[in-house]
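What follows is the content of start.tsv, which has TSV, C-alpha atoms:
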chain	number	residue	atom	x	y	z
Q	1	MET	CA	0.00	0.00	0.00
Q	2	ARG	CA	1.26	3.49	-0.88
Q	3	ARG	CA	2.46	5.27	2.25
Q	4	PHE	CA	1.66	8.83	3.14
Q	5	VAL	CA	4.44	11.38	2.66
Q	6	ARG	CA	4.88	14.10	5.25
Q	7	PHE	CA	4.32	17.60	3.96
Q	8	PHE	CA	3.71	19.98	6.86
Q	9	SER	CA	7.31	20.02	8.01
Q	10	THR	CA	10.67	19.85	6.27
Q	11	GLN	CA	11.53	16.31	5.22
Q	12	SER	CA	14.96	14.71	5.41
Q	13	ASN	CA	15.26	15.60	1.74
Q	14	PRO	CA	15.77	19.39	1.75
Q	15	PHE	CA	14.55	19.77	-1.84
Q	16	VAL	CA	11.28	19.55	-3.75
Q	17	HIS	CA	11.47	18.32	-7.34
Q	18	VAL	CA	8.92	19.79	-9.74
Q	19	GLU	CA	9.19	19.28	-13.52
Q	20	SER	CA	12.84	18.20	-13.21
Q	21	VAL	CA	13.73	21.38	-11.31
Q	22	LYS	CA	15.06	21.24	-7.73
Q	23	TYR	CA	13.67	23.78	-5.24
Q	24	ARG	CA	14.90	24.18	-1.68
Q	25	ARG	CA	12.27	23.61	1.01
Q	26	ASP	CA	11.53	26.16	3.70
Q	27	ASP	CA	8.86	26.84	6.30
Q	28	THR	CA	6.36	27.80	3.57
Q	29	THR	CA	6.59	24.49	1.67
Q	30	ASN	CA	3.27	22.63	1.66
Q	31	VAL	CA	3.01	21.17	-1.85
Q	32	THR	CA	2.42	17.40	-1.77
Q	33	PRO	CA	3.80	14.62	-3.98
Q	34	ASN	CA	0.23	13.70	-4.87
Q	35	THR	CA	-0.33	17.19	-6.27
Q	36	ILE	CA	3.01	17.37	-8.07
Q	37	ASP	CA	2.18	14.09	-9.84
Q	38	ARG	CA	-0.84	15.77	-11.46
Q	39	ILE	CA	1.28	18.34	-13.34
Q	40	ALA	CA	2.35	15.91	-16.05
Q	41	ARG	CA	-1.23	14.93	-16.89
Q	42	GLN	CA	-2.13	18.18	-18.74
Q	43	LEU	CA	-5.75	17.22	-19.34
Q	44	HIS	CA	-6.40	20.47	-21.22
Q	45	ARG	CA	-3.99	19.28	-23.95
Q	46	LYS	CA	-5.20	15.67	-24.13
Q	47	HIS	CA	-6.99	14.93	-27.40
Q	48	ALA	CA	-10.71	14.15	-27.06
Q	49	HIS	CA	-10.71	14.76	-23.31
Q	50	PRO	CA	-13.76	16.78	-22.16
Q	51	ILE	CA	-11.54	19.59	-20.81
Q	52	ASN	CA	-9.72	19.79	-24.14
Q	53	ILE	CA	-12.99	19.71	-26.07
Q	54	VAL	CA	-14.38	22.71	-24.19
Q	55	LYS	CA	-11.05	24.54	-24.55
Q	56	LYS	CA	-11.03	24.02	-28.33
Q	57	ARG	CA	-14.66	25.03	-28.66
Q	58	VAL	CA	-13.99	28.38	-26.97
Q	59	GLU	CA	-10.80	28.90	-28.99
Q	60	ASN	CA	-12.63	27.99	-32.20
Q	61	HIS	CA	-15.38	30.50	-31.60
Q	62	VAL	CA	-13.07	33.36	-30.58
Q	63	GLN	CA	-10.52	32.79	-33.34
Q	64	THR	CA	-13.23	32.50	-35.99
Q	65	SER	CA	-15.17	35.53	-34.77
Q	66	TYR	CA	-12.24	37.91	-34.24
Q	67	ARG	CA	-9.71	38.34	-37.04
Q	68	THR	CA	-6.87	40.75	-37.75
Q	69	ARG	CA	-7.64	43.78	-39.89
Q	70	ASN	CA	-6.78	41.97	-43.14
Q	71	GLY	CA	-8.87	38.98	-42.09
Q	72	LEU	CA	-6.07	36.50	-42.72
Q	73	SER	CA	-5.17	35.58	-39.13
Q	74	PRO	CA	-6.91	35.14	-35.78
Q	75	LEU	CA	-6.75	38.24	-33.62
Q	76	PHE	CA	-6.30	36.21	-30.42
Q	77	THR	CA	-3.17	34.17	-29.76
Q	78	ALA	CA	-3.98	30.82	-28.09
Q	79	LEU	CA	-1.48	29.46	-25.53
Q	80	ASP	CA	-1.69	26.29	-23.43
Q	81	ASP	CA	1.82	25.11	-22.57
Q	82	ILE	CA	3.11	27.48	-19.87
Q	83	SER	CA	4.45	25.76	-16.74
Q	84	PRO	CA	2.22	26.02	-13.64
Q	85	VAL	CA	5.25	26.86	-11.48
Q	86	VAL	CA	5.22	30.61	-10.89
Q	87	THR	CA	6.74	33.05	-8.47
Q	88	VAL	CA	4.72	34.52	-5.63
Q	89	ARG	CA	5.27	37.86	-7.35
Q	90	GLN	CA	3.63	36.61	-10.54
Q	91	ASN	CA	0.68	35.04	-8.75
Q	92	PHE	CA	-0.06	37.94	-6.43
Q	93	ASP	CA	2.16	41.04	-6.55
Q	94	SER	CA	1.93	41.60	-10.31
Q	95	LEU	CA	-1.87	41.55	-9.95
Q	96	LEU	CA	-2.01	44.10	-7.14
Q	97	VAL	CA	-3.14	41.54	-4.55
Q	98	PRO	CA	-2.49	43.15	-1.13
Q	99	ARG	CA	0.11	41.53	1.13
Q	100	ASP	CA	-2.51	40.75	3.75
Q	101	HIS	CA	-5.15	39.46	1.32
Q	102	PRO	CA	-6.62	36.11	2.43
Q	103	SER	CA	-6.10	34.63	-1.06
Q	104	ARG	CA	-2.35	34.39	-0.27
Q	105	SER	CA	-2.91	32.01	2.64
Q	106	LYS	CA	-1.01	28.71	2.88
Q	107	ASN	CA	-4.34	27.17	3.72
Q	108	ASP	CA	-5.58	27.80	0.17
Q	109	ASN	CA	-2.43	27.52	-1.98
Q	110	TYR	CA	0.35	25.07	-2.80
Q	111	TYR	CA	3.68	26.70	-2.00
Q	112	ILE	CA	6.90	25.11	-3.22
Q	113	ASN	CA	8.77	27.52	-0.97
Q	114	SER	CA	8.49	31.18	-0.01
Q	115	GLU	CA	9.44	32.29	-3.56
Q	116	TYR	CA	7.70	29.72	-5.81
Q	117	MET	CA	4.27	28.14	-5.90
Q	118	LEU	CA	1.86	26.30	-8.18
Q	119	ARG	CA	-0.28	28.96	-9.83
Q	120	ALA	CA	-3.68	29.51	-8.26
Q	121	HIS	CA	-5.03	31.07	-11.47
Q	122	THR	CA	-3.92	31.58	-15.06
Q	123	THR	CA	-4.07	35.32	-14.34
Q	124	ALA	CA	-0.57	34.85	-12.89
Q	125	HIS	CA	0.83	35.11	-16.45
Q	126	GLU	CA	-1.18	38.15	-17.50
Q	127	SER	CA	1.46	40.79	-16.81
Q	128	ASP	CA	4.27	38.79	-18.43
Q	129	LEU	CA	2.31	38.13	-21.62
Q	130	ILE	CA	1.29	41.77	-21.95
Q	131	GLY	CA	4.94	42.69	-21.38
Q	132	MET	CA	5.86	40.40	-24.30
Q	133	GLY	CA	3.69	42.54	-26.57
Q	134	LEU	CA	0.56	40.37	-26.74
Q	135	ASN	CA	-2.58	42.48	-26.78
Q	136	ALA	CA	-5.18	39.74	-27.42
Q	137	PHE	CA	-4.70	36.23	-26.08
Q	138	LEU	CA	-6.36	33.13	-24.65
Q	139	LEU	CA	-4.27	31.23	-22.11
Q	140	THR	CA	-5.35	27.81	-20.83
Q	141	GLY	CA	-3.66	25.93	-18.02
Q	142	ASP	CA	-4.00	23.75	-14.95
Q	143	VAL	CA	-4.34	25.66	-11.67
Q	144	TYR	CA	-3.94	24.47	-8.08
Q	145	ARG	CA	-5.84	25.28	-4.89
Q	146	ARG	CA	-6.28	23.44	-1.62
Q	147	ASP	CA	-9.98	22.75	-1.19
Q	148	GLU	CA	-12.67	20.54	0.28
Q	149	ILE	CA	-13.46	17.05	-0.99
Q	150	ASP	CA	-16.72	16.46	-2.84
Q	151	ALA	CA	-18.08	15.88	-6.34
Q	152	THR	CA	-17.37	19.43	-7.57
Q	153	HIS	CA	-14.04	20.28	-5.89
Q	154	TYR	CA	-10.57	19.02	-6.75
Q	155	PRO	CA	-7.11	20.42	-5.93
Q	156	VAL	CA	-6.35	20.75	-9.66
Q	157	PHE	CA	-8.67	22.33	-12.17
Q	158	HIS	CA	-8.37	24.19	-15.47
Q	159	GLN	CA	-8.84	27.82	-16.42
Q	160	MET	CA	-8.87	29.84	-19.60
Q	161	GLU	CA	-7.73	33.43	-19.31
Q	162	GLY	CA	-8.80	35.91	-21.98
Q	163	VAL	CA	-7.27	39.37	-22.39
Q	164	ARG	CA	-7.75	42.08	-24.97
Q	165	LEU	CA	-6.09	45.50	-25.03
Q	166	PHE	CA	-6.98	48.51	-27.18
Q	167	THR	CA	-5.24	51.67	-28.20
Q	168	GLU	CA	-7.40	54.80	-28.27
Q	169	PRO	CA	-8.10	54.62	-32.06
Q	170	GLU	CA	-8.91	50.88	-31.81
Q	171	LEU	CA	-11.34	51.20	-28.91
Q	172	PHE	CA	-13.28	54.13	-30.33
Q	173	ALA	CA	-13.09	53.20	-34.01
Q	174	ASN	CA	-16.85	52.71	-34.25
Q	175	CYS	CA	-17.88	55.54	-31.93
Q	176	GLU	CA	-19.50	58.57	-33.53
Q	177	GLY	CA	-19.29	62.12	-32.30
Q	178	SER	CA	-16.50	64.14	-30.73
Q	179	ARG	CA	-13.07	62.65	-30.15
Q	180	PHE	CA	-12.93	60.26	-27.22
Q	181	GLN	CA	-9.95	59.80	-24.91
Q	182	LEU	CA	-8.74	56.70	-23.07
Q	183	PHE	CA	-7.36	58.40	-19.98
Q	184	GLU	CA	-8.08	61.22	-17.58
Q	185	ASN	CA	-6.91	62.35	-14.17
Q	186	GLY	CA	-10.22	61.67	-12.47
Q	187	LEU	CA	-11.79	59.88	-9.54
Q	188	GLU	CA	-12.56	56.19	-9.16
Q	189	THR	CA	-16.26	55.34	-8.97
Q	190	ASP	CA	-18.26	52.12	-9.06
Q	191	ASP	CA	-18.35	52.46	-12.85
Q	192	LYS	CA	-14.76	53.34	-13.71
Q	193	GLN	CA	-11.14	53.59	-12.61
Q	194	ALA	CA	-9.56	56.94	-11.82
Q	195	MET	CA	-7.34	56.81	-14.95
Q	196	HIS	CA	-10.18	55.90	-17.33
Q	197	THR	CA	-12.73	58.18	-18.89
Q	198	MET	CA	-16.32	57.03	-18.57
Q	199	ALA	CA	-16.32	56.40	-22.33
Q	200	THR	CA	-13.32	54.08	-21.97
Q	201	SER	CA	-14.89	52.08	-19.15
Q	202	LYS	CA	-18.29	51.70	-20.81
Q	203	THR	CA	-16.88	50.85	-24.23
Q	204	LEU	CA	-14.59	48.21	-22.72
Q	205	GLU	CA	-17.50	46.82	-20.70
Q	206	ASN	CA	-19.71	46.56	-23.78
Q	207	ASP	CA	-17.00	44.85	-25.83
Q	208	LEU	CA	-16.21	42.41	-23.02
Q	209	LYS	CA	-19.83	41.45	-22.44
Q	210	ARG	CA	-20.49	41.09	-26.17
Q	211	THR	CA	-17.48	38.76	-26.49
Q	212	LEU	CA	-18.50	36.61	-23.52
Q	213	THR	CA	-22.14	36.44	-24.59
Q	214	GLY	CA	-20.95	35.07	-27.95
Q	215	ILE	CA	-18.85	32.40	-26.21
Q	216	VAL	CA	-21.78	31.34	-24.02
Q	217	ARG	CA	-24.12	31.03	-27.00
Q	218	ALA	CA	-21.55	29.03	-28.93
Q	219	LEU	CA	-21.41	26.57	-26.04
Q	220	PHE	CA	-24.94	26.52	-24.63
Q	221	GLY	CA	-27.16	28.01	-27.30
Q	222	ASP	CA	-29.68	30.77	-26.60
Q	223	VAL	CA	-29.75	30.68	-22.78
Q	224	LYS	CA	-30.70	33.40	-20.31
Q	225	THR	CA	-27.73	35.27	-18.85
Q	226	ARG	CA	-27.23	37.73	-16.03
Q	227	TRP	CA	-24.30	39.86	-14.88
Q	228	ILE	CA	-23.55	40.10	-11.17
Q	229	ALA	CA	-21.36	42.92	-9.85
Q	230	ALA	CA	-18.21	41.47	-8.27
Q	231	THR	CA	-14.88	42.54	-6.77
Q	232	PHE	CA	-11.46	41.28	-7.89
Q	233	PRO	CA	-8.06	42.86	-7.10
Q	234	PHE	CA	-7.00	42.91	-10.77
Q	235	THR	CA	-10.12	44.33	-12.47
Q	236	HIS	CA	-12.51	47.23	-11.90
Q	237	PRO	CA	-15.38	47.33	-12.53
Q	238	SER	CA	-15.86	43.54	-12.31
Q	239	TRP	CA	-18.66	41.05	-12.94
Q	240	GLU	CA	-19.56	37.39	-12.70
Q	241	LEU	CA	-21.55	35.87	-15.55
Q	242	GLU	CA	-24.30	33.37	-14.79
Q	243	ILE	CA	-26.54	31.39	-17.13
Q	244	PHE	CA	-29.91	29.78	-16.45
Q	245	PHE	CA	-29.18	26.12	-17.10
Q	246	GLN	CA	-31.10	22.99	-16.15
Q	247	GLY	CA	-33.53	24.95	-14.02
Q	248	ASP	CA	-31.00	26.95	-11.99
Q	249	TRP	CA	-28.49	29.78	-12.28
Q	250	LEU	CA	-24.95	28.55	-12.93
Q	251	GLU	CA	-21.90	30.78	-12.40
Q	252	LEU	CA	-19.54	30.49	-15.39
Q	253	LEU	CA	-16.79	33.06	-15.05
Q	254	GLY	CA	-15.39	36.24	-13.59
Q	255	CYS	CA	-14.35	39.24	-15.67
Q	256	GLY	CA	-13.79	42.98	-15.70
Q	257	VAL	CA	-11.87	45.99	-16.93
Q	258	LEU	CA	-8.16	45.43	-16.32
Q	259	GLN	CA	-6.62	47.55	-13.61
Q	260	GLN	CA	-4.64	50.18	-15.46
Q	261	ASP	CA	-1.72	49.87	-13.04
Q	262	ILE	CA	-1.29	46.25	-14.19
Q	263	VAL	CA	-1.36	47.24	-17.85
Q	264	ARG	CA	1.09	50.09	-17.38
Q	265	GLY	CA	3.31	48.01	-15.11
Q	266	ALA	CA	3.64	45.53	-17.97
Q	267	GLY	CA	4.79	48.30	-20.31
Q	268	ALA	CA	1.58	48.94	-22.33
Q	269	LEU	CA	1.41	52.66	-21.59
Q	270	ASP	CA	-1.06	53.67	-24.30
Q	271	GLN	CA	-3.57	50.83	-24.01
Q	272	ALA	CA	-6.53	49.78	-21.85
Q	273	GLY	CA	-8.37	46.51	-21.85
Q	274	TRP	CA	-10.47	43.77	-20.31
Q	275	ALA	CA	-9.89	40.25	-18.97
Q	276	PHE	CA	-11.92	37.18	-18.08
Q	277	GLY	CA	-11.28	33.79	-16.47
Q	278	ILE	CA	-13.36	30.69	-17.26
Q	279	GLY	CA	-13.34	27.46	-15.25
Q	280	LEU	CA	-13.27	24.74	-17.91
Q	281	ASP	CA	-14.05	21.88	-15.52
Q	282	ARG	CA	-17.32	23.50	-14.50
Q	283	LEU	CA	-18.23	24.10	-18.14
Q	284	ALA	CA	-17.45	20.51	-19.11
Q	285	MET	CA	-19.42	19.09	-16.18
Q	286	ALA	CA	-22.45	21.13	-17.23
Q	287	LEU	CA	-22.19	20.54	-20.98
Q	288	PHE	CA	-21.62	16.78	-20.78
Q	289	ARG	CA	-23.62	16.10	-17.57
Q	290	ILE	CA	-20.55	14.71	-15.78
Q	291	PRO	CA	-21.56	14.18	-12.13
Q	292	ASP	CA	-18.16	13.83	-10.41
Q	293	ILE	CA	-15.07	15.95	-11.05
Q	294	ARG	CA	-12.80	12.95	-10.30
Q	295	LEU	CA	-13.95	11.38	-13.57
Q	296	PHE	CA	-11.81	13.86	-15.52
Q	297	TRP	CA	-8.74	12.12	-14.08
Q	298	SER	CA	-9.92	8.62	-14.92
Q	299	GLU	CA	-8.02	6.69	-17.57
Q	300	ASP	CA	-10.82	4.15	-17.91
Q	301	PRO	CA	-11.62	3.79	-21.64
Q	302	ARG	CA	-15.31	3.55	-20.73
Q	303	PHE	CA	-15.09	7.22	-19.79
Q	304	LEU	CA	-12.74	8.60	-22.44
Q	305	SER	CA	-14.26	6.73	-25.40
Q	306	GLN	CA	-17.56	8.56	-24.94
Q	307	PHE	CA	-15.97	11.82	-26.12
Q	308	ALA	CA	-13.96	10.58	-29.10
Q	309	GLY	CA	-14.65	12.27	-32.41
Q	310	ILE	CA	-16.37	15.45	-31.20
Q	311	THR	CA	-13.38	17.68	-30.47
Q	312	ASP	CA	-13.90	20.28	-33.20
Q	313	ASP	CA	-17.68	20.09	-33.55
Q	314	LEU	CA	-19.31	23.24	-32.20
Q	315	THR	CA	-22.85	21.90	-32.50
Q	316	SER	CA	-22.96	18.31	-31.27
Q	317	LEU	CA	-23.06	17.44	-27.59
Q	318	VAL	CA	-22.54	14.13	-25.85
Q	319	GLU	CA	-24.24	13.39	-22.55
Q	320	PHE	CA	-22.04	11.26	-20.34
Q	321	LYS	CA	-23.50	7.82	-19.71
Q	322	PRO	CA	-22.47	6.33	-16.33
Q	323	TYR	CA	-20.87	2.98	-16.95
Q	324	SER	CA	-21.14	1.76	-13.37
Q	325	LYS	CA	-21.98	2.81	-9.84
Q	326	TYR	CA	-19.87	0.99	-7.33
Q	327	PRO	CA	-21.02	0.89	-3.70
Q	328	PRO	CA	-19.76	3.51	-1.23
Q	329	CYS	CA	-17.98	2.66	1.99
Q	330	TYR	CA	-18.44	5.12	4.85
Q	331	LYS	CA	-15.90	5.52	7.64
Q	332	ASP	CA	-15.92	8.05	10.48
Q	333	ILE	CA	-12.97	9.65	12.21
Q	334	THR	CA	-13.16	11.81	15.36
Q	335	PHE	CA	-10.30	13.79	16.88
Q	336	TRP	CA	-9.58	16.75	19.14
Q	337	ILE	CA	-8.45	19.60	16.88
Q	338	PRO	CA	-5.35	21.70	17.70
Q	339	GLU	CA	-5.65	25.45	18.21
Q	340	ASP	CA	-4.17	26.32	14.79
Q	341	TYR	CA	-6.34	23.78	12.96
Q	342	ASN	CA	-7.38	24.44	9.37
Q	343	GLU	CA	-9.76	22.06	7.62
Q	344	ASN	CA	-7.84	22.13	4.35
Q	345	ASP	CA	-4.89	20.53	6.16
Q	346	PHE	CA	-7.11	17.58	7.02
Q	347	TYR	CA	-8.37	17.35	3.43
Q	348	GLU	CA	-4.79	17.24	2.18
Q	349	ILE	CA	-4.05	14.31	4.47
Q	350	VAL	CA	-7.14	12.48	3.19
Q	351	ARG	CA	-6.09	13.08	-0.42
Q	352	SER	CA	-2.52	11.98	0.23
Q	353	VAL	CA	-3.68	8.79	1.93
Q	354	ALA	CA	-6.65	7.83	-0.26
Q	355	GLY	CA	-6.15	9.79	-3.47
Q	356	ASP	CA	-9.23	9.71	-5.70
Q	357	LEU	CA	-10.76	6.89	-3.66
Q	358	ALA	CA	-12.06	9.58	-1.30
Q	359	GLU	CA	-15.29	10.72	-2.93
Q	360	GLU	CA	-16.52	13.04	-0.21
Q	361	VAL	CA	-15.61	14.24	3.27
Q	362	LYS	CA	-18.29	15.76	5.50
Q	363	LEU	CA	-18.08	17.32	8.94
Q	364	ILE	CA	-20.92	15.63	10.83
Q	365	ASP	CA	-20.20	16.79	14.38
Q	366	ASP	CA	-18.45	19.81	15.93
Q	367	PHE	CA	-18.23	19.30	19.71
Q	368	ARG	CA	-16.87	21.66	22.35
Q	369	HIS	CA	-16.14	20.35	25.85
Q	370	VAL	CA	-17.98	22.49	28.38
Q	371	GLU	CA	-15.27	22.41	31.04
Q	372	THR	CA	-12.02	22.44	29.04
Q	373	GLY	CA	-13.19	24.32	25.95
Q	374	ARG	CA	-11.46	21.78	23.70
Q	375	ARG	CA	-13.12	21.10	20.34
Q	376	SER	CA	-13.40	17.87	18.44
Q	377	HIS	CA	-14.54	17.22	14.89
Q	378	CYS	CA	-16.12	14.08	13.51
Q	379	TYR	CA	-15.81	13.58	9.75
Q	380	ARG	CA	-17.57	11.02	7.61
Q	381	ILE	CA	-15.47	9.84	4.66
Q	382	ASN	CA	-17.09	8.24	1.66
Q	383	TYR	CA	-14.60	5.90	-0.01
Q	384	ARG	CA	-15.65	4.87	-3.50
Q	385	SER	CA	-13.76	3.87	-6.62
Q	386	MET	CA	-15.04	4.97	-10.01
Q	387	ASP	CA	-13.70	1.79	-11.63
Q	388	ARG	CA	-14.19	-1.13	-9.22
Q	389	THR	CA	-15.62	-2.28	-5.89
Q	390	LEU	CA	-13.39	-1.56	-2.91
Q	391	THR	CA	-12.84	-4.36	-0.41
Q	392	ASN	CA	-13.30	-3.97	3.32
Q	393	LYS	CA	-9.61	-4.75	3.75
Q	394	GLU	CA	-8.65	-1.83	1.48
Q	395	THR	CA	-10.87	0.72	3.18
Q	396	ASN	CA	-9.86	-0.44	6.64
Q	397	GLU	CA	-6.19	-0.01	5.73
Q	398	LEU	CA	-6.87	3.47	4.33
Q	399	GLN	CA	-8.77	4.46	7.44
Q	400	GLU	CA	-6.07	3.17	9.76
Q	401	GLU	CA	-3.41	5.06	7.81
Q	402	LEU	CA	-5.55	8.19	7.97
Q	403	ARG	CA	-5.89	7.87	11.74
Q	404	ASN	CA	-2.12	7.54	12.09
Q	405	GLN	CA	-1.44	10.59	9.94
Q	406	VAL	CA	-3.99	12.79	11.70
Q	407	GLU	CA	-2.05	12.26	14.93
Q	408	LEU	CA	1.36	12.52	13.27
Q	409	GLN	CA	0.75	15.49	10.99
Q	410	LEU	CA	-2.03	17.49	12.62
Q	411	GLY	CA	-1.33	16.71	16.23
Q	412	GLY	CA	-4.97	15.71	16.52
Q	413	LYS	CA	-5.79	13.40	19.42
Q	414	LEU	CA	-8.09	10.60	18.29
Q	415	ARG	CA	-11.30	9.96	20.23
Take the structure from the file and write it as structure tokens.
Amino acid sequence: MRRFVRFFSTQSNPFVHVESVKYRRDDTTNVTPNTIDRIARQLHRKHAHPINIVKKRVENHVQTSYRTRNGLSPLFTALDDISPVVTVRQNFDSLLVPRDHPSRSKNDNYYINSEYMLRAHTTAHESDLIGMGLNAFLLTGDVYRRDEIDATHYPVFHQMEGVRLFTEPELFANCEGSRFQLFENGLETDDKQAMHTMATSKTLENDLKRTLTGIVRALFGDVKTRWIAATFPFTHPSWELEIFFQGDWLELLGCGVLQQDIVRGAGALDQAGWAFGIGLDRLAMALFRIPDIRLFWSEDPRFLSQFAGITDDLTSLVEFKPYSKYPPCYKDITFWIPEDYNENDFYEIVRSVAGDLAEEVKLIDDFRHVETGRRSHCYRINYRSMDRTLTNKETNELQEELRNQVELQLGGKLR
């Protein structure tokens, strides 16, 4: 049986190896071998995989709909092969994320060390790509976040980042009337940034929403949409786009007008633009009716064969047909939690012990001792394989290993 590898403290090996590169561990290191192993999979580049199908459908629509001025080439450059290892500066500082922002927490991210991490979003490359001179691009990649365990959450998922920048003549080419300007020395409001004129902000907003509405219709047909005001450090104003799908509102993406300080910091002094980020896993689960996010990582031909031959077809859809439903095995674990306890640490232990055999983890009891004030949690773990029936011996071994690691790694006292 595969043994759990310690990850909360420095191991005897002082280095972490990621993509054949050696990084020195420090007190920030929390990336796990189980997570590192996922990097080589690159599901977004795997032919006829649902993630790749959705990626190509979006790229197809955008590159067909938006061409260069002579019409000979796509306006948007499509990229999908940038390493997920980024610096903390790329992932946060270049995007104006404050030093004390909760999104930087070790509880939510995979840090290789205090300088490097696995990207938490494809936005981490935005500033670098703009600095290279790209003013319209789609970037797809795998992103990494520590999260809960259930049918819709996984520590690795896939995003597509879209960015478009405009010079003043480009943005206002179709605007009639007096001459419009990109920039002003004004005040920030809910509708615009201080550096942008109202005309700039509204024209960018209209172009962004028109682009995203076209993508949604290419994927889902003529569905109802709604825009929800949102807040992101790297865009203002910002929105989330939802569609009415299968009887409920489904959030698809976040977007907004790029913060001008990011654009100027990347060297594009005379341009302004917009950006969006789409979660491809969520799109694929909705489009193909895939009920469990773990299925994307399955190599069972009964899963992958269902999507063969539809990669470039923008009209046909395949509804996933479950090929089996193996029985679940429920196990409970109860332990006194330490003062500095974070639930994501426990989820990481479960994933490192059980991998994708852990279908769901639920907190079923939160108890506080009246006299001592100590707290204990009881979690129910649903072990289930997507490919076969688990034996009692297997699940008992997994549960025993989990109990050992909770005491060893978390300092949790079993009850």
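Distance check against Thr225 (chain Q) using all atoms listed in the file: of Q:Asp207, Q:Asp248, Q:Asp366, Q:Glu394, the minimum falls on Q:Asp248.
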Tell me which of Q:Ala218, Q:Ile337, Q:Cys329, Q:Leu280 sits closest to Lys393 (chain Q), counting only C-alpha atoms.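 That would be Q:Cys329, the residue with the smallest distance to Lys393 (chain Q).
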Counting all atoms listed in the file, which of Q:Ala230, Q:Val318, Q:Met195, Q:Leu138 gets nearest to Phe303 (chain Q)?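 Ranking Q:Ala230, Q:Val318, Q:Met195, Q:Leu138 by distance to Phe303 (chain Q), first place goes to Q:Val318.
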As a tab-separated table (two decimals) with C-alpha atoms, in the frame of the given file, please: the residues near Lys224 (chain Q) (cut-off 8 Å, only C-alpha atoms, same-chain neighbours under 2 positions excluded).
chain	number	residue	atom	x	y	z
Q	222	ASP	CA	-29.68	30.77	-26.60
Q	226	ARG	CA	-27.23	37.73	-16.03
Q	243	ILE	CA	-26.54	31.39	-17.13
Q	244	PHE	CA	-29.91	29.78	-16.45
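Each of Q:His125, Q:Arg89, Q:Arg282, Q:Arg146 was compared to Lys106 (chain Q) using all atoms listed in the file, and Q:Arg146 turns out to be the nearest.
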Selection near Gln260 (chain Q), 10 Å with only C-alpha atoms, sequence-local residues under 6 positions removed, as a list of chain:residue names: Q:Phe183, Q:Gln193, Q:Ala194, Q:Met195, Q:His196, Q:Phe234, Q:Thr235, Q:His236, Q:Ala266, Q:Ala268, Q:Leu269, Q:Gln271, Q:Ala272, Q:Gly273, Q:Trp274
Non-local contacts of Leu96 (chain Q) (10 Å; all atoms listed in the file; under 4 positions in same chain excluded) as a list of chain:residue names: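 Once the adjacent positions are removed, what remains is Q:Arg89, Q:Gln90, Q:Asn91, Q:Phe92, Q:Phe232, Q:Pro233, Q:Phe234, Q:Thr235, Q:Gln259, Q:Asp261, Q:Ile262.
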Record the distance separating CA of Ala354 (chain Q) and CA of Pro338 (chain Q), expressed in Å with one decimal.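 Interatomic distance here is 22.7 Å.
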Kindly provide, as a tab-separated table (two decimals) with C-alpha atoms, in the coordinates of the input, the polymer residues lying within 10 Å of (-15.3, 37.4, -25.7), counting all atoms listed in the file and using the coordinates exactly as they appear in the file.
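Final file, out_32.tsv:
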chain	number	residue	atom	x	y	z
Q	58	VAL	CA	-13.99	28.38	-26.97
Q	61	HIS	CA	-15.38	30.50	-31.60
Q	62	VAL	CA	-13.07	33.36	-30.58
Q	65	SER	CA	-15.17	35.53	-34.77
Q	66	TYR	CA	-12.24	37.91	-34.24
Q	138	LEU	CA	-6.36	33.13	-24.65
Q	162	GLY	CA	-8.80	35.91	-21.98
Q	163	VAL	CA	-7.27	39.37	-22.39
Q	164	ARG	CA	-7.75	42.08	-24.97
Q	207	ASP	CA	-17.00	44.85	-25.83
Q	208	LEU	CA	-16.21	42.41	-23.02
Q	209	LYS	CA	-19.83	41.45	-22.44
Q	210	ARG	CA	-20.49	41.09	-26.17
Q	211	THR	CA	-17.48	38.76	-26.49
Q	212	LEU	CA	-18.50	36.61	-23.52
Q	213	THR	CA	-22.14	36.44	-24.59
Q	214	GLY	CA	-20.95	35.07	-27.95
Q	215	ILE	CA	-18.85	32.40	-26.21
Q	216	VAL	CA	-21.78	31.34	-24.02
Q	274	TRP	CA	-10.47	43.77	-20.31
Q	275	ALA	CA	-9.89	40.25	-18.97
Q	276	PHE	CA	-11.92	37.18	-18.08
Rounded to one decimal, what separation in Å do you get between CA of Thr123 (chain Q) and CA of Asp281 (chain Q)?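 Taking CA of Thr123 (chain Q) as the start and CA of Asp281 (chain Q) as the end point, the length is 16.8 Å.
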Point-to-point distance in Å for CA of Ala151 (chain Q) and CA of Arg294 (chain Q): 7.2 Å
Compile the contact shell of Arg45 (chain Q) as a ChimeraX atom specification: residues with an atom at most 9 Å away, counting only C-alpha atoms, same-chain residues fewer than 6 positions apart removed. /Q:51-52,55,80-81,141
Residues as selected, C-alpha atoms, written as a PDB file, keeping the file's coordinate frame, can you do that?
ATOM      1  CA  ILE Q  51     -11.540  19.590 -20.810  1.00  0.00           C
ATOM      2  CA  ASN Q  52      -9.720  19.790 -24.140  1.00  0.00           C
ATOM      3  CA  LYS Q  55     -11.050  24.540 -24.550  1.00  0.00           C
ATOM      4  CA  ASP Q  80      -1.690  26.290 -23.430  1.00  0.00           C
ATOM      5  CA  ASP Q  81       1.820  25.110 -22.570  1.00  0.00           C
ATOM      6  CA  GLY Q 141      -3.660  25.930 -18.020  1.00  0.00           C
TER       7      GLY Q 141
END
Counting only C-alpha atoms, which residues come within 6 Å of (-20.8, 43.0, -17.6), with the point read in the file's coordinates, and could you list them as a ChimeraX atom specification? /Q:205,209,227,239
Identify, on the basis of only C-alpha atoms, every residue whose closest approach to Tyr144 (chain Q) does not exceed 9 Å; exclude the query and any residue fewer than 2 positions from it along the same chain; express the result as a list in words. Thr35, Pro84, Asn109, Tyr110, Leu118, Arg119, Ala120, His121, Asp142, Arg146, Tyr154, Pro155, Val156, Phe157 and His158 of chain Q
